[in-house]
Amino acid sequence: MRTPRFEPTPAWEHALSQPDCSCHLLLVALSGERIVGWCRLFPTSEEEAELGIGLLASARGQGLGAQMLVQAIAWAQERGLSRLVLTTRSDNHQAMKLFSEYGFRPTGWGEDEWIEMALELPSSKQGAGCEPSLCYLFHSTFSR
């Protein structure tokens with residue numbers, strides 16, 4: 001899938017083509033049968049994963065992002081990850097508020113008003129038991 005705003009990365013291609021892999025998470029939010037959002041965790045190391053989340057404008061402000069974020073955090077904790085990182089625009093106040101409510105804190109600034117945020121997770125002896133380069137496709141539905 002290629003659009004003007006999305007160029008698939010190897011992590012995305014792997015996540016979408018390897019549904020039995022146990023290392024990545026991909027959630028899908030539905031309104032009826034229509035996909036209105038997504039959330040993904042891609043590992044950046046054995047202890048850390050990068051979070052990405054997006055909702056159509058019409059689906060925002062209804063709790064779908066929070067539902068997916070809660071599930072993504074739980075998934076990461078179950079696999080013994082110690083940190084989640086994300087990048088969002090500094091003018092995306094609604095997203096920054098949501099991430100802050102769940103414990104994400106600013107860790108740096110990127111180019112063009114992008115802000116980096118991270119969530120430190122409680123330490124766990126349980127590990128992911130997988131290679132960071134592998135992928136897990138988890139389909140879950142969130143409805144409004």
# chains A, B, ... in the order shown; residues from 1 in each chain; ligands from 1
>>> select_by_dssp(residues="region 43-118 of chain A", states="strand (DSSP E)", output="list in words")
Pro43, Glu48, Ala49, Glu50, Leu51, Gly52, Ile53, Gly54, Leu55, Arg83, Leu84, Val85, Leu86, Thr87, Thr88, Arg89, Arg105, Pro106, Thr107, Gly108, Trp109, Trp114, Ile115, Glu116, Met117 and Ala118 of chain A
>>> closest_atom_pairs(of="region 19-88 of chain A", to="region 101-105 of chain A", cutoff="12 Å", atoms="only C-alpha atoms", output="JSON lines")
{"residue": "A:Leu51", "atom": "CA", "partner": "A:Phe104", "partner_atom": "CA", "distance": 11.0}
{"residue": "A:Gly65", "atom": "CA", "partner": "A:Tyr102", "partner_atom": "CA", "distance": 11.5}
{"residue": "A:Ala66", "atom": "CA", "partner": "A:Tyr102", "partner_atom": "CA", "distance": 8.7}
{"residue": "A:Gln67", "atom": "CA", "partner": "A:Tyr102", "partner_atom": "CA", "distance": 11.2}
{"residue": "A:Met68", "atom": "CA", "partner": "A:Tyr102", "partner_atom": "CA", "distance": 11.8}
{"residue": "A:Leu69", "atom": "CA", "partner": "A:Tyr102", "partner_atom": "CA", "distance": 8.3}
{"residue": "A:Val70", "atom": "CA", "partner": "A:Tyr102", "partner_atom": "CA", "distance": 8.2}
{"residue": "A:Gln71", "atom": "CA", "partner": "A:Tyr102", "partner_atom": "CA", "distance": 11.7}
{"residue": "A:Ala72", "atom": "CA", "partner": "A:Tyr102", "partner_atom": "CA", "distance": 11.3}
{"residue": "A:Ile73", "atom": "CA", "partner": "A:Tyr102", "partner_atom": "CA", "distance": 9.0}
{"residue": "A:Ala74", "atom": "CA", "partner": "A:Tyr102", "partner_atom": "CA", "distance": 11.6}
{"residue": "A:Arg83", "atom": "CA", "partner": "A:Phe104", "partner_atom": "CA", "distance": 9.9}
{"residue": "A:Leu84", "atom": "CA", "partner": "A:Phe104", "partner_atom": "CA", "distance": 8.4}
{"residue": "A:Val85", "atom": "CA", "partner": "A:Phe104", "partner_atom": "CA", "distance": 8.2}
{"residue": "A:Leu86", "atom": "CA", "partner": "A:Phe104", "partner_atom": "CA", "distance": 8.8}
{"residue": "A:Thr87", "atom": "CA", "partner": "A:Phe104", "partner_atom": "CA", "distance": 10.8}
{"residue": "A:Thr88", "atom": "CA", "partner": "A:Phe104", "partner_atom": "CA", "distance": 11.6}
>>> select_by_dssp(residues="region 21-133 of chain A", states="alpha helix (DSSP H)", output="PyMOL selection string")
chain A and resi 64-78+93-101
>>> closest_residue(among="A:Leu98, A:Val28, A:Ser45, A:Ala11", to="Gly61 (chain A)", atoms="only C-alpha atoms")
A:Leu98
>>> residues_around(residues="Gly54 (chain A)", least_positions_apart="6", cutoff="7 Å", atoms="only C-alpha atoms", output="list of chain:residue names")
A:Gly37, A:Trp38, A:Cys39
>>> closest_atom_pairs(of="region 44-126 of chain A", to="region 16-24 of chain A", cutoff="10 Å", atoms="only C-alpha atoms", output="CSV")
residue,atom,partner,partner_atom,distance
A:Glu46,CA,A:Cys23,CA,9.8
A:Ala49,CA,A:His24,CA,8.7
A:Glu50,CA,A:His24,CA,9.9
A:Trp75,CA,A:His24,CA,9.6
A:Ala76,CA,A:His24,CA,9.6
A:Arg79,CA,A:Cys23,CA,8.8
>>> decode(residues="region 2-137 of chain A", atoms="C-alpha atoms", output="PDB file, in the first residue's frame")
ATOM      1  CA  ARG A   2       1.567   3.248  -1.115  1.00  0.00           C
ATOM      2  CA  THR A   3      -0.082   6.649  -0.757  1.00  0.00           C
ATOM      3  CA  PRO A   4       1.234  10.225  -1.001  1.00  0.00           C
ATOM      4  CA  ARG A   5       1.737  10.220   2.804  1.00  0.00           C
ATOM      5  CA  PHE A   6       2.771   6.612   3.344  1.00  0.00           C
ATOM      6  CA  GLU A   7       5.768   4.791   1.963  1.00  0.00           C
ATOM      7  CA  PRO A   8       5.835   1.236   3.345  1.00  0.00           C
ATOM      8  CA  THR A   9       8.880   0.399   5.428  1.00  0.00           C
ATOM      9  CA  PRO A  10      10.350  -3.088   5.753  1.00  0.00           C
ATOM     10  CA  ALA A  11       8.777  -3.316   9.234  1.00  0.00           C
ATOM     11  CA  TRP A  12       5.313  -2.518   7.829  1.00  0.00           C
ATOM     12  CA  GLU A  13       5.737  -4.916   4.920  1.00  0.00           C
ATOM     13  CA  HIS A  14       6.797  -7.661   7.317  1.00  0.00           C
ATOM     14  CA  ALA A  15       3.945  -6.934   9.737  1.00  0.00           C
ATOM     15  CA  LEU A  16       1.373  -7.138   6.975  1.00  0.00           C
ATOM     16  CA  SER A  17       2.838 -10.196   5.268  1.00  0.00           C
ATOM     17  CA  GLN A  18       3.699 -12.327   8.339  1.00  0.00           C
ATOM     18  CA  PRO A  19       0.523 -12.836  10.387  1.00  0.00           C
ATOM     19  CA  ASP A  20       2.055 -15.640  12.489  1.00  0.00           C
ATOM     20  CA  CYS A  21       5.099 -13.698  13.673  1.00  0.00           C
ATOM     21  CA  SER A  22       5.043 -12.918  17.402  1.00  0.00           C
ATOM     22  CA  CYS A  23       7.048  -9.701  17.745  1.00  0.00           C
ATOM     23  CA  HIS A  24       4.976  -6.869  16.293  1.00  0.00           C
ATOM     24  CA  LEU A  25       1.536  -5.647  17.169  1.00  0.00           C
ATOM     25  CA  LEU A  26      -1.000  -4.208  14.750  1.00  0.00           C
ATOM     26  CA  LEU A  27      -4.441  -3.159  15.972  1.00  0.00           C
ATOM     27  CA  VAL A  28      -7.277  -1.970  13.763  1.00  0.00           C
ATOM     28  CA  ALA A  29     -10.199   0.206  14.891  1.00  0.00           C
ATOM     29  CA  LEU A  30     -13.479  -0.369  13.087  1.00  0.00           C
ATOM     30  CA  SER A  31     -16.709   1.559  12.807  1.00  0.00           C
ATOM     31  CA  GLY A  32     -19.078  -1.043  11.445  1.00  0.00           C
ATOM     32  CA  GLU A  33     -17.037  -2.672   8.689  1.00  0.00           C
ATOM     33  CA  ARG A  34     -14.982   0.462   7.955  1.00  0.00           C
ATOM     34  CA  ILE A  35     -11.413   0.809   9.234  1.00  0.00           C
ATOM     35  CA  VAL A  36     -11.189   4.141  11.051  1.00  0.00           C
ATOM     36  CA  GLY A  37      -7.852   3.748  12.818  1.00  0.00           C
ATOM     37  CA  TRP A  38      -4.777   1.689  13.569  1.00  0.00           C
ATOM     38  CA  CYS A  39      -2.123   1.264  16.216  1.00  0.00           C
ATOM     39  CA  ARG A  40       1.183  -0.525  15.847  1.00  0.00           C
ATOM     40  CA  LEU A  41       4.244  -1.461  17.866  1.00  0.00           C
ATOM     41  CA  PHE A  42       7.454  -2.254  15.981  1.00  0.00           C
ATOM     42  CA  PRO A  43      10.519  -3.302  17.992  1.00  0.00           C
ATOM     43  CA  THR A  44      13.609  -1.122  17.819  1.00  0.00           C
ATOM     44  CA  SER A  45      15.596  -3.391  20.177  1.00  0.00           C
ATOM     45  CA  GLU A  46      14.914  -6.313  22.501  1.00  0.00           C
ATOM     46  CA  GLU A  47      13.736  -3.875  25.201  1.00  0.00           C
ATOM     47  CA  GLU A  48      12.078  -1.103  23.190  1.00  0.00           C
ATOM     48  CA  ALA A  49       9.329  -0.658  20.603  1.00  0.00           C
ATOM     49  CA  GLU A  50       8.146   2.278  18.527  1.00  0.00           C
ATOM     50  CA  LEU A  51       4.455   3.147  18.804  1.00  0.00           C
ATOM     51  CA  GLY A  52       2.452   4.524  15.923  1.00  0.00           C
ATOM     52  CA  ILE A  53      -1.248   5.346  16.073  1.00  0.00           C
ATOM     53  CA  GLY A  54      -3.697   7.075  13.768  1.00  0.00           C
ATOM     54  CA  LEU A  55      -7.414   7.729  13.529  1.00  0.00           C
ATOM     55  CA  LEU A  56      -9.559   9.301  10.850  1.00  0.00           C
ATOM     56  CA  ALA A  57     -10.721  12.775  11.905  1.00  0.00           C
ATOM     57  CA  SER A  58     -14.304  11.519  12.193  1.00  0.00           C
ATOM     58  CA  ALA A  59     -13.221   8.850  14.706  1.00  0.00           C
ATOM     59  CA  ARG A  60     -11.230  11.094  17.038  1.00  0.00           C
ATOM     60  CA  GLY A  61     -12.406  12.115  20.497  1.00  0.00           C
ATOM     61  CA  GLN A  62     -14.455   8.961  21.055  1.00  0.00           C
ATOM     62  CA  GLY A  63     -12.007   6.882  23.075  1.00  0.00           C
ATOM     63  CA  LEU A  64     -10.801   4.615  20.274  1.00  0.00           C
ATOM     64  CA  GLY A  65      -7.223   5.891  20.487  1.00  0.00           C
ATOM     65  CA  ALA A  66      -7.192   5.364  24.249  1.00  0.00           C
ATOM     66  CA  GLN A  67      -8.552   1.812  23.867  1.00  0.00           C
ATOM     67  CA  MET A  68      -5.837   0.927  21.377  1.00  0.00           C
ATOM     68  CA  LEU A  69      -3.144   2.617  23.466  1.00  0.00           C
ATOM     69  CA  VAL A  70      -4.153   0.654  26.584  1.00  0.00           C
ATOM     70  CA  GLN A  71      -4.012  -2.608  24.652  1.00  0.00           C
ATOM     71  CA  ALA A  72      -0.635  -1.727  23.091  1.00  0.00           C
ATOM     72  CA  ILE A  73       0.867  -0.885  26.505  1.00  0.00           C
ATOM     73  CA  ALA A  74      -0.468  -4.142  27.968  1.00  0.00           C
ATOM     74  CA  TRP A  75       0.947  -6.112  25.026  1.00  0.00           C
ATOM     75  CA  ALA A  76       4.364  -4.497  25.531  1.00  0.00           C
ATOM     76  CA  GLN A  77       4.316  -5.214  29.272  1.00  0.00           C
ATOM     77  CA  GLU A  78       3.349  -8.860  28.681  1.00  0.00           C
ATOM     78  CA  ARG A  79       6.435  -9.210  26.488  1.00  0.00           C
ATOM     79  CA  GLY A  80       8.772  -7.615  29.010  1.00  0.00           C
ATOM     80  CA  LEU A  81       9.537  -4.485  27.014  1.00  0.00           C
ATOM     81  CA  SER A  82      10.954  -1.683  29.128  1.00  0.00           C
ATOM     82  CA  ARG A  83      10.221   1.326  26.933  1.00  0.00           C
ATOM     83  CA  LEU A  84       7.852   2.582  24.247  1.00  0.00           C
ATOM     84  CA  VAL A  85       8.787   5.543  22.059  1.00  0.00           C
ATOM     85  CA  LEU A  86       6.785   7.634  19.600  1.00  0.00           C
ATOM     86  CA  THR A  87       6.999  10.781  17.517  1.00  0.00           C
ATOM     87  CA  THR A  88       4.112  13.207  17.083  1.00  0.00           C
ATOM     88  CA  ARG A  89       3.665  16.772  15.922  1.00  0.00           C
ATOM     89  CA  SER A  90       3.983  19.346  18.682  1.00  0.00           C
ATOM     90  CA  ASP A  91       0.783  21.015  17.433  1.00  0.00           C
ATOM     91  CA  ASN A  92      -1.191  17.769  17.807  1.00  0.00           C
ATOM     92  CA  HIS A  93      -2.425  18.751  21.270  1.00  0.00           C
ATOM     93  CA  GLN A  94      -5.114  16.070  21.443  1.00  0.00           C
ATOM     94  CA  ALA A  95      -2.581  13.279  20.833  1.00  0.00           C
ATOM     95  CA  MET A  96       0.000  14.783  23.185  1.00  0.00           C
ATOM     96  CA  LYS A  97      -2.635  15.031  25.936  1.00  0.00           C
ATOM     97  CA  LEU A  98      -3.614  11.376  25.422  1.00  0.00           C
ATOM     98  CA  PHE A  99      -0.015  10.165  25.466  1.00  0.00           C
ATOM     99  CA  SER A 100       0.746  12.241  28.572  1.00  0.00           C
ATOM    100  CA  GLU A 101      -2.301  10.815  30.377  1.00  0.00           C
ATOM    101  CA  TYR A 102      -0.817   7.332  29.870  1.00  0.00           C
ATOM    102  CA  GLY A 103       2.639   8.296  31.120  1.00  0.00           C
ATOM    103  CA  PHE A 104       4.517   9.299  27.975  1.00  0.00           C
ATOM    104  CA  ARG A 105       6.969  12.161  28.553  1.00  0.00           C
ATOM    105  CA  PRO A 106       8.782  14.389  26.036  1.00  0.00           C
ATOM    106  CA  THR A 107      12.337  13.201  25.379  1.00  0.00           C
ATOM    107  CA  GLY A 108      13.401  15.401  22.475  1.00  0.00           C
ATOM    108  CA  TRP A 109      12.511  17.481  19.455  1.00  0.00           C
ATOM    109  CA  GLY A 110      12.895  16.511  15.835  1.00  0.00           C
ATOM    110  CA  GLU A 111      12.712  18.555  12.664  1.00  0.00           C
ATOM    111  CA  ASP A 112       9.647  20.585  11.684  1.00  0.00           C
ATOM    112  CA  GLU A 113       7.972  20.696  15.105  1.00  0.00           C
ATOM    113  CA  TRP A 114       8.041  16.948  15.740  1.00  0.00           C
ATOM    114  CA  ILE A 115       8.343  15.893  19.367  1.00  0.00           C
ATOM    115  CA  GLU A 116       9.655  12.584  20.624  1.00  0.00           C
ATOM    116  CA  MET A 117       7.967  10.997  23.642  1.00  0.00           C
ATOM    117  CA  ALA A 118       8.712   7.874  25.667  1.00  0.00           C
ATOM    118  CA  LEU A 119       6.995   5.686  28.231  1.00  0.00           C
ATOM    119  CA  GLU A 120       9.144   3.771  30.700  1.00  0.00           C
ATOM    120  CA  LEU A 121       7.469   0.455  31.541  1.00  0.00           C
ATOM    121  CA  PRO A 122       7.863  -1.445  34.806  1.00  0.00           C
ATOM    122  CA  SER A 123      10.687  -3.949  34.601  1.00  0.00           C
ATOM    123  CA  SER A 124       9.689  -7.532  33.987  1.00  0.00           C
ATOM    124  CA  LYS A 125      11.710 -10.710  33.831  1.00  0.00           C
ATOM    125  CA  GLN A 126       9.466 -12.069  31.107  1.00  0.00           C
ATOM    126  CA  GLY A 127      10.986 -11.364  27.706  1.00  0.00           C
ATOM    127  CA  ALA A 128       9.453 -11.198  24.297  1.00  0.00           C
ATOM    128  CA  GLY A 129      11.189 -14.429  23.293  1.00  0.00           C
ATOM    129  CA  CYS A 130      11.598 -13.276  19.732  1.00  0.00           C
ATOM    130  CA  GLU A 131      13.909 -11.451  17.392  1.00  0.00           C
ATOM    131  CA  PRO A 132      13.266  -7.666  17.176  1.00  0.00           C
ATOM    132  CA  SER A 133      13.277  -7.934  13.375  1.00  0.00           C
ATOM    133  CA  LEU A 134      10.283 -10.262  13.398  1.00  0.00           C
ATOM    134  CA  CYS A 135       6.692  -9.166  13.330  1.00  0.00           C
ATOM    135  CA  TYR A 136       3.343  -9.983  14.948  1.00  0.00           C
ATOM    136  CA  LEU A 137       0.089  -9.132  13.255  1.00  0.00           C
TER     137      LEU A 137
END
